[in-house]
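*Asks:* Got protein_3.txt for you, compact mmCIF, N, CA and C atoms:
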```txt
# COMPACT_ATOMS: atom_id res chain seq x y z
N MET A 1 0.84 -1.17 0.00
CA MET A 1 0.00 0.00 0.00
C MET A 1 0.88 1.23 0.00
N ILE A 2 0.55 2.18 -0.81
CA ILE A 2 1.26 3.45 -0.80
C ILE A 2 0.49 4.39 0.10
N ASP A 3 1.10 4.79 1.20
CA ASP A 3 0.47 5.79 2.05
C ASP A 3 0.82 7.15 1.51
N PHE A 4 -0.18 7.97 1.40
CA PHE A 4 0.00 9.30 0.87
C PHE A 4 -0.34 10.28 1.98
N GLY A 5 0.66 10.90 2.56
CA GLY A 5 0.44 11.83 3.65
C GLY A 5 0.75 13.24 3.23
N LEU A 6 0.03 14.16 3.81
CA LEU A 6 0.27 15.57 3.53
C LEU A 6 0.55 16.28 4.84
N ASP A 7 1.51 17.17 4.84
CA ASP A 7 1.80 17.99 6.00
C ASP A 7 1.34 19.40 5.68
N PHE A 8 0.26 19.83 6.33
CA PHE A 8 -0.31 21.14 6.06
C PHE A 8 0.34 22.24 6.90
N SER A 9 1.29 21.89 7.75
CA SER A 9 1.86 22.90 8.65
C SER A 9 2.57 24.01 7.89
N GLY A 10 3.12 23.73 6.73
CA GLY A 10 3.81 24.76 5.96
C GLY A 10 2.88 25.66 5.20
N LEU A 11 1.65 25.30 5.10
CA LEU A 11 0.67 26.10 4.36
C LEU A 11 -0.11 26.93 5.38
N ASN A 12 0.35 28.14 5.61
CA ASN A 12 -0.17 28.96 6.70
C ASN A 12 -1.67 29.22 6.63
N ASP A 13 -2.19 29.49 5.44
CA ASP A 13 -3.62 29.79 5.32
C ASP A 13 -4.47 28.58 5.70
N ILE A 14 -4.10 27.43 5.20
CA ILE A 14 -4.86 26.22 5.50
C ILE A 14 -4.72 25.88 6.98
N ALA A 15 -3.51 25.98 7.50
CA ALA A 15 -3.29 25.67 8.91
C ALA A 15 -4.12 26.59 9.81
N ARG A 16 -4.18 27.87 9.47
CA ARG A 16 -4.95 28.83 10.26
C ARG A 16 -6.45 28.49 10.18
N ASP A 17 -6.92 28.12 8.99
CA ASP A 17 -8.33 27.75 8.84
C ASP A 17 -8.65 26.47 9.59
N LEU A 18 -7.73 25.51 9.58
CA LEU A 18 -7.98 24.25 10.29
C LEU A 18 -8.09 24.48 11.79
N GLU A 19 -7.38 25.47 12.32
CA GLU A 19 -7.45 25.76 13.75
C GLU A 19 -8.83 26.29 14.14
N LYS A 20 -9.55 26.89 13.21
CA LYS A 20 -10.87 27.44 13.48
C LYS A 20 -11.94 26.35 13.57
N LEU A 21 -11.64 25.19 13.06
CA LEU A 21 -12.64 24.12 12.98
C LEU A 21 -12.64 23.26 14.23
N SER A 22 -13.76 22.61 14.49
CA SER A 22 -13.82 21.64 15.58
C SER A 22 -13.04 20.40 15.18
N ARG A 23 -12.83 19.52 16.13
CA ARG A 23 -12.06 18.31 15.83
C ARG A 23 -12.75 17.46 14.77
N ALA A 24 -14.07 17.31 14.85
CA ALA A 24 -14.81 16.51 13.87
C ALA A 24 -14.72 17.13 12.48
N GLU A 25 -14.88 18.45 12.42
CA GLU A 25 -14.79 19.13 11.12
C GLU A 25 -13.37 19.04 10.57
N ASN A 26 -12.39 19.18 11.45
CA ASN A 26 -10.99 19.08 11.06
C ASN A 26 -10.70 17.70 10.47
N ASN A 27 -11.19 16.66 11.15
CA ASN A 27 -10.98 15.29 10.66
C ASN A 27 -11.64 15.08 9.31
N LYS A 28 -12.84 15.65 9.12
CA LYS A 28 -13.53 15.49 7.84
C LYS A 28 -12.75 16.17 6.71
N VAL A 29 -12.23 17.36 6.98
CA VAL A 29 -11.45 18.07 5.97
C VAL A 29 -10.21 17.27 5.61
N LEU A 30 -9.50 16.78 6.62
CA LEU A 30 -8.28 16.00 6.36
C LEU A 30 -8.60 14.70 5.63
N ARG A 31 -9.69 14.04 6.03
CA ARG A 31 -10.09 12.79 5.36
C ARG A 31 -10.42 13.03 3.90
N ASP A 32 -11.20 14.08 3.64
CA ASP A 32 -11.57 14.41 2.26
C ASP A 32 -10.34 14.75 1.42
N ALA A 33 -9.42 15.50 2.01
CA ALA A 33 -8.23 15.93 1.27
C ALA A 33 -7.32 14.75 0.94
N THR A 34 -7.05 13.90 1.93
CA THR A 34 -6.15 12.78 1.67
C THR A 34 -6.78 11.77 0.70
N ARG A 35 -8.10 11.59 0.81
CA ARG A 35 -8.78 10.68 -0.13
C ARG A 35 -8.72 11.22 -1.56
N ALA A 36 -8.84 12.54 -1.72
CA ALA A 36 -8.78 13.13 -3.06
C ALA A 36 -7.42 12.85 -3.69
N GLY A 37 -6.36 13.01 -2.92
CA GLY A 37 -5.02 12.72 -3.43
C GLY A 37 -4.85 11.24 -3.74
N ALA A 38 -5.36 10.40 -2.86
CA ALA A 38 -5.24 8.95 -3.07
C ALA A 38 -6.05 8.49 -4.28
N GLU A 39 -7.17 9.12 -4.56
CA GLU A 39 -7.99 8.76 -5.72
C GLU A 39 -7.22 9.00 -7.03
N VAL A 40 -6.45 10.08 -7.07
CA VAL A 40 -5.64 10.36 -8.26
C VAL A 40 -4.64 9.22 -8.46
N LEU A 41 -4.01 8.80 -7.38
CA LEU A 41 -3.03 7.72 -7.47
C LEU A 41 -3.70 6.39 -7.82
N LYS A 42 -4.88 6.15 -7.25
CA LYS A 42 -5.61 4.91 -7.55
C LYS A 42 -5.91 4.79 -9.04
N ASP A 43 -6.37 5.88 -9.63
CA ASP A 43 -6.69 5.86 -11.06
C ASP A 43 -5.45 5.51 -11.90
N GLU A 44 -4.31 6.06 -11.52
CA GLU A 44 -3.08 5.77 -12.26
C GLU A 44 -2.62 4.32 -12.06
N VAL A 45 -2.77 3.80 -10.84
CA VAL A 45 -2.41 2.40 -10.58
C VAL A 45 -3.29 1.48 -11.41
N ILE A 46 -4.58 1.77 -11.49
CA ILE A 46 -5.49 0.95 -12.28
C ILE A 46 -5.10 1.00 -13.75
N ASP A 47 -4.75 2.18 -14.24
CA ASP A 47 -4.36 2.31 -15.65
C ASP A 47 -3.09 1.52 -15.96
N ARG A 48 -2.16 1.45 -15.00
CA ARG A 48 -0.88 0.80 -15.23
C ARG A 48 -0.87 -0.69 -14.88
N ALA A 49 -1.87 -1.16 -14.17
CA ALA A 49 -1.89 -2.56 -13.75
C ALA A 49 -2.01 -3.48 -14.95
N PRO A 50 -1.16 -4.51 -15.00
CA PRO A 50 -1.28 -5.46 -16.11
C PRO A 50 -2.60 -6.21 -16.05
N VAL A 51 -3.17 -6.50 -17.21
CA VAL A 51 -4.47 -7.16 -17.26
C VAL A 51 -4.31 -8.56 -17.83
N ARG A 52 -4.71 -9.52 -17.06
CA ARG A 52 -4.80 -10.88 -17.57
C ARG A 52 -6.23 -11.36 -17.36
N THR A 53 -6.68 -11.24 -16.10
CA THR A 53 -8.07 -11.58 -15.80
C THR A 53 -8.87 -10.35 -15.38
N GLY A 54 -8.20 -9.26 -15.06
CA GLY A 54 -8.86 -8.06 -14.58
C GLY A 54 -9.06 -8.03 -13.07
N LYS A 55 -8.69 -9.12 -12.41
CA LYS A 55 -8.88 -9.24 -10.97
C LYS A 55 -8.06 -8.20 -10.20
N MET A 56 -6.84 -7.96 -10.65
CA MET A 56 -5.98 -7.01 -9.94
C MET A 56 -6.55 -5.60 -10.03
N ARG A 57 -7.00 -5.20 -11.20
CA ARG A 57 -7.56 -3.86 -11.38
C ARG A 57 -8.82 -3.65 -10.55
N LYS A 58 -9.64 -4.67 -10.44
CA LYS A 58 -10.88 -4.56 -9.68
C LYS A 58 -10.63 -4.42 -8.19
N ASN A 59 -9.48 -4.84 -7.73
CA ASN A 59 -9.20 -4.84 -6.30
C ASN A 59 -8.31 -3.69 -5.84
N VAL A 60 -8.11 -2.71 -6.68
CA VAL A 60 -7.38 -1.51 -6.27
C VAL A 60 -8.38 -0.55 -5.66
N VAL A 61 -8.19 -0.21 -4.38
CA VAL A 61 -9.12 0.64 -3.66
C VAL A 61 -8.36 1.69 -2.86
N VAL A 62 -9.08 2.69 -2.39
CA VAL A 62 -8.51 3.70 -1.50
C VAL A 62 -8.95 3.37 -0.08
N VAL A 63 -8.00 3.34 0.84
CA VAL A 63 -8.27 3.06 2.24
C VAL A 63 -7.87 4.28 3.06
N THR A 64 -8.75 4.70 3.95
CA THR A 64 -8.46 5.83 4.84
C THR A 64 -8.42 5.31 6.26
N GLN A 65 -7.39 5.71 6.99
CA GLN A 65 -7.21 5.27 8.37
C GLN A 65 -6.94 6.46 9.26
N LYS A 66 -7.48 6.38 10.47
CA LYS A 66 -7.20 7.39 11.46
C LYS A 66 -6.08 6.87 12.35
N SER A 67 -5.11 7.71 12.61
CA SER A 67 -3.99 7.30 13.43
C SER A 67 -4.35 7.41 14.90
N ARG A 68 -3.57 6.79 15.73
CA ARG A 68 -3.77 6.91 17.17
C ARG A 68 -3.40 8.30 17.66
N ARG A 69 -2.50 8.92 16.94
CA ARG A 69 -2.11 10.28 17.31
C ARG A 69 -3.22 11.24 16.90
N LYS A 70 -3.47 12.21 17.72
CA LYS A 70 -4.57 13.16 17.50
C LYS A 70 -4.38 13.95 16.19
N GLY A 71 -5.44 14.00 15.40
CA GLY A 71 -5.44 14.84 14.22
C GLY A 71 -4.65 14.30 13.04
N GLU A 72 -4.35 13.03 13.02
CA GLU A 72 -3.58 12.47 11.92
C GLU A 72 -4.41 11.43 11.18
N ILE A 73 -4.63 11.69 9.90
CA ILE A 73 -5.41 10.80 9.05
C ILE A 73 -4.60 10.51 7.81
N SER A 74 -4.61 9.24 7.38
CA SER A 74 -3.87 8.90 6.16
C SER A 74 -4.78 8.11 5.23
N SER A 75 -4.58 8.33 3.96
CA SER A 75 -5.29 7.57 2.93
C SER A 75 -4.24 7.00 2.00
N GLY A 76 -4.51 5.84 1.47
CA GLY A 76 -3.56 5.23 0.58
C GLY A 76 -4.21 4.30 -0.41
N VAL A 77 -3.46 3.93 -1.40
CA VAL A 77 -3.92 2.96 -2.40
C VAL A 77 -3.63 1.58 -1.84
N HIS A 78 -4.64 0.75 -1.87
CA HIS A 78 -4.55 -0.59 -1.28
C HIS A 78 -5.03 -1.59 -2.32
N ILE A 79 -4.35 -2.70 -2.42
CA ILE A 79 -4.80 -3.77 -3.31
C ILE A 79 -5.30 -4.90 -2.43
N ARG A 80 -6.59 -5.19 -2.54
CA ARG A 80 -7.21 -6.19 -1.67
C ARG A 80 -6.52 -7.54 -1.79
N GLY A 81 -6.49 -8.24 -0.68
CA GLY A 81 -5.80 -9.51 -0.61
C GLY A 81 -4.59 -9.40 0.30
N VAL A 82 -4.38 -8.21 0.82
CA VAL A 82 -3.27 -7.96 1.73
C VAL A 82 -3.85 -7.45 3.04
N ASN A 83 -3.33 -7.92 4.13
CA ASN A 83 -3.74 -7.44 5.43
C ASN A 83 -3.15 -6.04 5.62
N PRO A 84 -3.99 -4.99 5.71
CA PRO A 84 -3.45 -3.63 5.76
C PRO A 84 -2.61 -3.34 7.00
N ARG A 85 -2.85 -4.07 8.09
CA ARG A 85 -2.08 -3.81 9.31
C ARG A 85 -0.65 -4.34 9.21
N THR A 86 -0.49 -5.50 8.58
CA THR A 86 0.84 -6.11 8.54
C THR A 86 1.51 -6.00 7.18
N GLY A 87 0.71 -5.82 6.13
CA GLY A 87 1.28 -5.78 4.78
C GLY A 87 1.48 -7.16 4.18
N ASN A 88 1.23 -8.20 4.97
CA ASN A 88 1.36 -9.57 4.48
C ASN A 88 0.06 -10.03 3.84
N SER A 89 0.09 -11.19 3.20
CA SER A 89 -1.12 -11.73 2.59
C SER A 89 -2.17 -11.98 3.66
N ASP A 90 -3.42 -11.75 3.30
CA ASP A 90 -4.53 -12.00 4.20
C ASP A 90 -4.87 -13.48 4.11
N ASN A 91 -4.46 -14.25 5.09
CA ASN A 91 -4.60 -15.71 5.04
C ASN A 91 -6.04 -16.17 5.20
N THR A 92 -6.94 -15.28 5.56
CA THR A 92 -8.34 -15.69 5.72
C THR A 92 -9.05 -15.76 4.38
N MET A 93 -8.45 -15.22 3.32
CA MET A 93 -9.09 -15.21 2.00
C MET A 93 -8.56 -16.36 1.14
N LYS A 94 -9.42 -17.00 0.42
CA LYS A 94 -9.02 -18.06 -0.49
C LYS A 94 -8.53 -17.45 -1.80
N ALA A 95 -7.65 -18.13 -2.50
CA ALA A 95 -7.07 -17.61 -3.74
C ALA A 95 -8.12 -17.39 -4.82
N LYS A 96 -9.19 -18.20 -4.83
CA LYS A 96 -10.22 -18.05 -5.86
C LYS A 96 -11.20 -16.92 -5.56
N ASN A 97 -11.11 -16.35 -4.38
CA ASN A 97 -12.00 -15.25 -4.01
C ASN A 97 -11.75 -14.08 -4.96
N PRO A 98 -12.79 -13.52 -5.59
CA PRO A 98 -12.59 -12.42 -6.54
C PRO A 98 -12.07 -11.14 -5.89
N ARG A 99 -12.11 -11.07 -4.55
CA ARG A 99 -11.60 -9.89 -3.85
C ARG A 99 -10.19 -10.11 -3.31
N ASN A 100 -9.51 -11.12 -3.80
CA ASN A 100 -8.19 -11.44 -3.29
C ASN A 100 -7.17 -11.41 -4.43
N ALA A 101 -6.47 -10.30 -4.55
CA ALA A 101 -5.42 -10.16 -5.57
C ALA A 101 -4.05 -10.16 -4.89
N PHE A 102 -3.82 -11.18 -4.06
CA PHE A 102 -2.61 -11.28 -3.26
C PHE A 102 -1.34 -11.27 -4.11
N TYR A 103 -1.46 -11.68 -5.35
CA TYR A 103 -0.30 -11.88 -6.21
C TYR A 103 0.25 -10.58 -6.79
N TRP A 104 -0.36 -9.44 -6.46
CA TRP A 104 0.11 -8.16 -7.01
C TRP A 104 1.57 -7.93 -6.67
N ARG A 105 1.98 -8.33 -5.48
CA ARG A 105 3.37 -8.09 -5.06
C ARG A 105 4.35 -8.90 -5.90
N PHE A 106 3.94 -10.06 -6.40
CA PHE A 106 4.81 -10.85 -7.26
C PHE A 106 4.98 -10.17 -8.61
N VAL A 107 3.90 -9.56 -9.10
CA VAL A 107 3.96 -8.82 -10.36
C VAL A 107 4.82 -7.57 -10.17
N GLU A 108 4.60 -6.85 -9.09
CA GLU A 108 5.30 -5.59 -8.83
C GLU A 108 6.79 -5.79 -8.60
N MET A 109 7.15 -6.79 -7.80
CA MET A 109 8.55 -6.95 -7.40
C MET A 109 9.26 -8.11 -8.08
N GLY A 110 8.50 -8.97 -8.73
CA GLY A 110 9.09 -10.13 -9.38
C GLY A 110 9.35 -11.25 -8.39
N THR A 111 9.73 -12.38 -8.93
CA THR A 111 10.10 -13.54 -8.11
C THR A 111 11.38 -14.12 -8.68
N VAL A 112 11.81 -15.21 -8.15
CA VAL A 112 12.99 -15.89 -8.66
C VAL A 112 12.77 -16.33 -10.10
N ASN A 113 11.54 -16.71 -10.41
CA ASN A 113 11.23 -17.25 -11.73
C ASN A 113 10.55 -16.25 -12.67
N MET A 114 10.27 -15.05 -12.20
CA MET A 114 9.51 -14.11 -13.01
C MET A 114 10.10 -12.70 -12.83
N PRO A 115 10.34 -11.99 -13.91
CA PRO A 115 10.87 -10.63 -13.77
C PRO A 115 9.80 -9.67 -13.23
N ALA A 116 10.24 -8.61 -12.63
CA ALA A 116 9.33 -7.61 -12.07
C ALA A 116 8.68 -6.79 -13.19
N HIS A 117 7.42 -6.48 -12.99
CA HIS A 117 6.68 -5.57 -13.87
C HIS A 117 6.04 -4.52 -12.98
N PRO A 118 6.83 -3.56 -12.52
CA PRO A 118 6.29 -2.58 -11.57
C PRO A 118 5.19 -1.73 -12.18
N PHE A 119 4.16 -1.48 -11.38
CA PHE A 119 3.08 -0.61 -11.82
C PHE A 119 2.63 0.32 -10.70
N VAL A 120 2.83 -0.05 -9.45
CA VAL A 120 2.42 0.80 -8.33
C VAL A 120 3.40 1.95 -8.14
N ARG A 121 4.67 1.64 -8.04
CA ARG A 121 5.67 2.69 -7.81
C ARG A 121 5.75 3.69 -8.97
N PRO A 122 5.77 3.24 -10.23
CA PRO A 122 5.78 4.21 -11.33
C PRO A 122 4.52 5.10 -11.33
N ALA A 123 3.38 4.54 -10.92
CA ALA A 123 2.15 5.33 -10.84
C ALA A 123 2.32 6.43 -9.80
N PHE A 124 2.90 6.08 -8.67
CA PHE A 124 3.13 7.08 -7.63
C PHE A 124 4.12 8.14 -8.10
N ASP A 125 5.18 7.71 -8.75
CA ASP A 125 6.21 8.65 -9.20
C ASP A 125 5.67 9.66 -10.22
N THR A 126 4.81 9.20 -11.12
CA THR A 126 4.33 10.10 -12.17
C THR A 126 3.21 11.02 -11.72
N ARG A 127 2.39 10.60 -10.76
CA ARG A 127 1.22 11.40 -10.38
C ARG A 127 1.33 12.01 -8.98
N GLN A 128 2.49 11.93 -8.36
CA GLN A 128 2.67 12.41 -7.00
C GLN A 128 2.32 13.90 -6.88
N GLU A 129 2.84 14.71 -7.77
CA GLU A 129 2.59 16.15 -7.73
C GLU A 129 1.11 16.46 -7.95
N GLU A 130 0.50 15.79 -8.91
CA GLU A 130 -0.91 16.00 -9.20
C GLU A 130 -1.79 15.58 -8.02
N ALA A 131 -1.41 14.51 -7.35
CA ALA A 131 -2.16 14.05 -6.18
C ALA A 131 -2.08 15.07 -5.05
N ALA A 132 -0.90 15.63 -4.83
CA ALA A 132 -0.75 16.65 -3.80
C ALA A 132 -1.59 17.87 -4.12
N ASN A 133 -1.59 18.29 -5.37
CA ASN A 133 -2.39 19.45 -5.77
C ASN A 133 -3.89 19.18 -5.60
N ALA A 134 -4.32 17.96 -5.93
CA ALA A 134 -5.73 17.60 -5.76
C ALA A 134 -6.11 17.60 -4.28
N ALA A 135 -5.21 17.12 -3.44
CA ALA A 135 -5.50 17.08 -2.01
C ALA A 135 -5.59 18.49 -1.43
N ILE A 136 -4.69 19.36 -1.84
CA ILE A 136 -4.72 20.74 -1.34
C ILE A 136 -5.96 21.47 -1.83
N ALA A 137 -6.31 21.27 -3.09
CA ALA A 137 -7.52 21.90 -3.63
C ALA A 137 -8.76 21.40 -2.90
N ARG A 138 -8.82 20.10 -2.64
CA ARG A 138 -9.98 19.54 -1.92
C ARG A 138 -10.02 20.05 -0.48
N ALA A 139 -8.86 20.21 0.15
CA ALA A 139 -8.82 20.74 1.51
C ALA A 139 -9.37 22.16 1.54
N ASN A 140 -8.97 22.97 0.58
CA ASN A 140 -9.48 24.35 0.51
C ASN A 140 -11.00 24.37 0.32
N ARG A 141 -11.50 23.52 -0.58
CA ARG A 141 -12.95 23.45 -0.82
C ARG A 141 -13.70 22.98 0.42
N ALA A 142 -13.14 21.96 1.09
CA ALA A 142 -13.79 21.41 2.29
C ALA A 142 -13.81 22.43 3.42
N ILE A 143 -12.73 23.18 3.57
CA ILE A 143 -12.70 24.23 4.60
C ILE A 143 -13.74 25.30 4.29
N ASP A 144 -13.81 25.71 3.03
CA ASP A 144 -14.79 26.71 2.64
C ASP A 144 -16.22 26.23 2.90
N GLU A 145 -16.48 24.95 2.62
CA GLU A 145 -17.81 24.38 2.85
C GLU A 145 -18.17 24.42 4.33
N VAL A 146 -17.21 24.06 5.17
CA VAL A 146 -17.47 24.02 6.60
C VAL A 146 -17.64 25.42 7.17
N LEU A 147 -16.78 26.34 6.75
CA LEU A 147 -16.84 27.71 7.28
C LEU A 147 -18.07 28.47 6.78
N SER A 148 -18.63 28.06 5.65
CA SER A 148 -19.80 28.77 5.11
C SER A 148 -21.10 28.35 5.80
N LYS A 149 -21.06 27.30 6.61
CA LYS A 149 -22.27 26.82 7.31
C LYS A 149 -22.71 27.80 8.37
```
Starting from the file, give its structure as structure tokens.

*Replies:*
Amino acid sequence: MIDFGLDFSGLNDIARDLEKLSRAENNKVLRDATRAGAEVLKDEVIDRAPVRTGKMRKNVVVVTQKSRRKGEISSGVHIRGVNPRTGNSDNTMKAKNPRNAFYWRFVEMGTVNMPAHPFVRPAFDTRQEEAANAAIARANRAIDEVLSK
């Protein structure tokens, strides 16, 4: 999973506006912003994913998690079939399950018998800037929506 985090502390206007919001509103703004950035990356990962059965493309999703630390939310691109907490294969899913694309890591990194065909990392590298811009734009829109209430 590629975690996509944004540090808004350097952006004085956004940081000042976030201080005006309640904790729930602040979390919603951060969740919306990080998801917007992750959606850009998800679309690129889907476009770059090799297609044989289409199972891998169908299982690329955006996951949002709240951290234990106050005010920290992260969103990332996740390929189902992996336990998000450990990063290892989810052993509770059977290989024939249509929601289990555990083999993505073999395609991405290769094996002893198969060369690597990376698609996640190149997607992140090419769309990183665009994802950050989308997240910042969404944060501004979300703050404006909350403050206009």

*Asks:* Quick one: pull the distance between atom N of Ala24 in chain A and CA of Ala142 in chain A, Å, one decimal.

*Replies:*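 So the two atoms, atom N of Ala24 in chain A and CA of Ala142 in chain A, lie 13.2 Å apart.
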
*Asks:* Would you list the contacts of Leu41 in chain A as a ChimeraX atom specification, taking every protein, DNA or RNA residue within 6.5 Å and counting all atoms listed in the file, but skipping same-chain residues closer than 6 positions in sequence?

*Replies:* /A:77,123-124,127,131

*Asks:* Could you check the closest approach to Ala135 in chain A for each of A:Ser75, A:Gln65, A:Thr34, A:Asn113 and tell me which residue wins, using all atoms listed in the file?

*Replies:*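 Smallest separation from Ala135 in chain A among the options: A:Thr34.
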
*Asks:* What does the structure give for the distance between CA of Arg141 in chain A and CA of Ile73 in chain A, in Å to one decimal?

*Replies:*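 Separating CA of Arg141 in chain A from CA of Ile73 in chain A is a distance of 17.7 Å.
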
*Asks:* Report the distance between atom N of Lys20 in chain A and CA of Ala137 in chain A in Å, rounded to one decimal place.

*Replies:*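 Rounded to one decimal, the two atoms are 17.7 Å apart.
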
*Asks:* Tell me, as a list in words, which residues lie within 9 Å of Asn140 in chain A, counting only C-alpha atoms; anything in the same chain fewer than 4 positions away does not count.

*Replies:*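 Near Asn140 in chain A, the qualifying residues are Ile14, Val29, Ala33, Ala135, Ile136, Asp144 and Glu145 of chain A.
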
*Asks:* Using all atoms listed in the file, pick whichever of A:Pro115, A:Gly81, A:Gly37, A:Gly76 has the shortest atom-to-atom distance to Arg99 in chain A.

*Replies:*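 Smallest separation from Arg99 in chain A among the options: A:Gly81.
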
*Asks:* Restricting the calculation to only C-alpha atoms: of A:Val63, A:Ala132, A:Val120, A:Val112, which residue gets closest to Ala49 in chain A?

*Replies:*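 Checking each candidate against Ala49 in chain A, we get A:Val120 as the closest.
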
*Asks:* Got a sec: who's within 7 Å of Val60 in chain A, counting all atoms listed in the file, leaving out chain neighbours fewer than 3 positions off, as a list in words?

*Replies:*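 My reading of the contact set: Lys42, Ile46, Lys55, Met56, Arg57, Val77, His78, Ile79 and Arg80 of chain A.
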
*Asks:* Would you output that residue set with N, CA and C atoms, as a PDB file, in the frame of the given file?

*Replies:*
```pdb
ATOM      1  N   LYS A  42      -4.880   6.150  -7.250  1.00  0.00           N
ATOM      2  CA  LYS A  42      -5.610   4.910  -7.550  1.00  0.00           C
ATOM      3  C   LYS A  42      -5.910   4.790  -9.040  1.00  0.00           C
ATOM      4  N   ILE A  46      -4.580   1.770 -11.490  1.00  0.00           N
ATOM      5  CA  ILE A  46      -5.490   0.950 -12.280  1.00  0.00           C
ATOM      6  C   ILE A  46      -5.100   1.000 -13.750  1.00  0.00           C
ATOM      7  N   LYS A  55      -8.690  -9.120 -12.410  1.00  0.00           N
ATOM      8  CA  LYS A  55      -8.880  -9.240 -10.970  1.00  0.00           C
ATOM      9  C   LYS A  55      -8.060  -8.200 -10.200  1.00  0.00           C
ATOM     10  N   MET A  56      -6.840  -7.960 -10.650  1.00  0.00           N
ATOM     11  CA  MET A  56      -5.980  -7.010  -9.940  1.00  0.00           C
ATOM     12  C   MET A  56      -6.550  -5.600 -10.030  1.00  0.00           C
ATOM     13  N   ARG A  57      -7.000  -5.200 -11.200  1.00  0.00           N
ATOM     14  CA  ARG A  57      -7.560  -3.860 -11.380  1.00  0.00           C
ATOM     15  C   ARG A  57      -8.820  -3.650 -10.550  1.00  0.00           C
ATOM     16  N   VAL A  77      -3.460   3.930  -1.400  1.00  0.00           N
ATOM     17  CA  VAL A  77      -3.920   2.960  -2.400  1.00  0.00           C
ATOM     18  C   VAL A  77      -3.630   1.580  -1.840  1.00  0.00           C
ATOM     19  N   HIS A  78      -4.640   0.750  -1.870  1.00  0.00           N
ATOM     20  CA  HIS A  78      -4.550  -0.590  -1.280  1.00  0.00           C
ATOM     21  C   HIS A  78      -5.030  -1.590  -2.320  1.00  0.00           C
ATOM     22  N   ILE A  79      -4.350  -2.700  -2.420  1.00  0.00           N
ATOM     23  CA  ILE A  79      -4.800  -3.770  -3.310  1.00  0.00           C
ATOM     24  C   ILE A  79      -5.300  -4.900  -2.430  1.00  0.00           C
ATOM     25  N   ARG A  80      -6.590  -5.190  -2.540  1.00  0.00           N
ATOM     26  CA  ARG A  80      -7.210  -6.190  -1.670  1.00  0.00           C
ATOM     27  C   ARG A  80      -6.520  -7.540  -1.790  1.00  0.00           C
TER      28      ARG A  80
END
```

*Asks:* Out of A:Trp104, A:Val62, A:Ile143, A:Lys149, which residue has the shortest atom-to-atom distance to Leu30 in chain A when counting all atoms listed in the file?

*Replies:*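 For Leu30 in chain A, the nearest of the candidates is A:Ile143.
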
*Asks:* Rank nothing, just name the residue among A:Glu44, A:Asp125, A:Glu130, A:Glu25 nearest to Val61 in chain A, using only C-alpha atoms.

*Replies:*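 Closest residue, counting only C-alpha atoms: A:Glu44.
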
*Asks:* If you run DSSP over the backbone, which residues in range 35-147 of chain A end up helix (DSSP H, G or I)? Put them as JSON, numbers by chain.

*Replies:* {"A": [35, 36, 37, 38, 39, 40, 41, 42, 43, 44, 45, 46, 47, 48, 55, 56, 57, 58, 104, 105, 106, 107, 108, 109, 120, 121, 122, 123, 124, 125, 126, 127, 128, 129, 130, 131, 132, 133, 134, 135, 136, 137, 138, 139, 140, 141, 142, 143, 144, 145, 146, 147]}
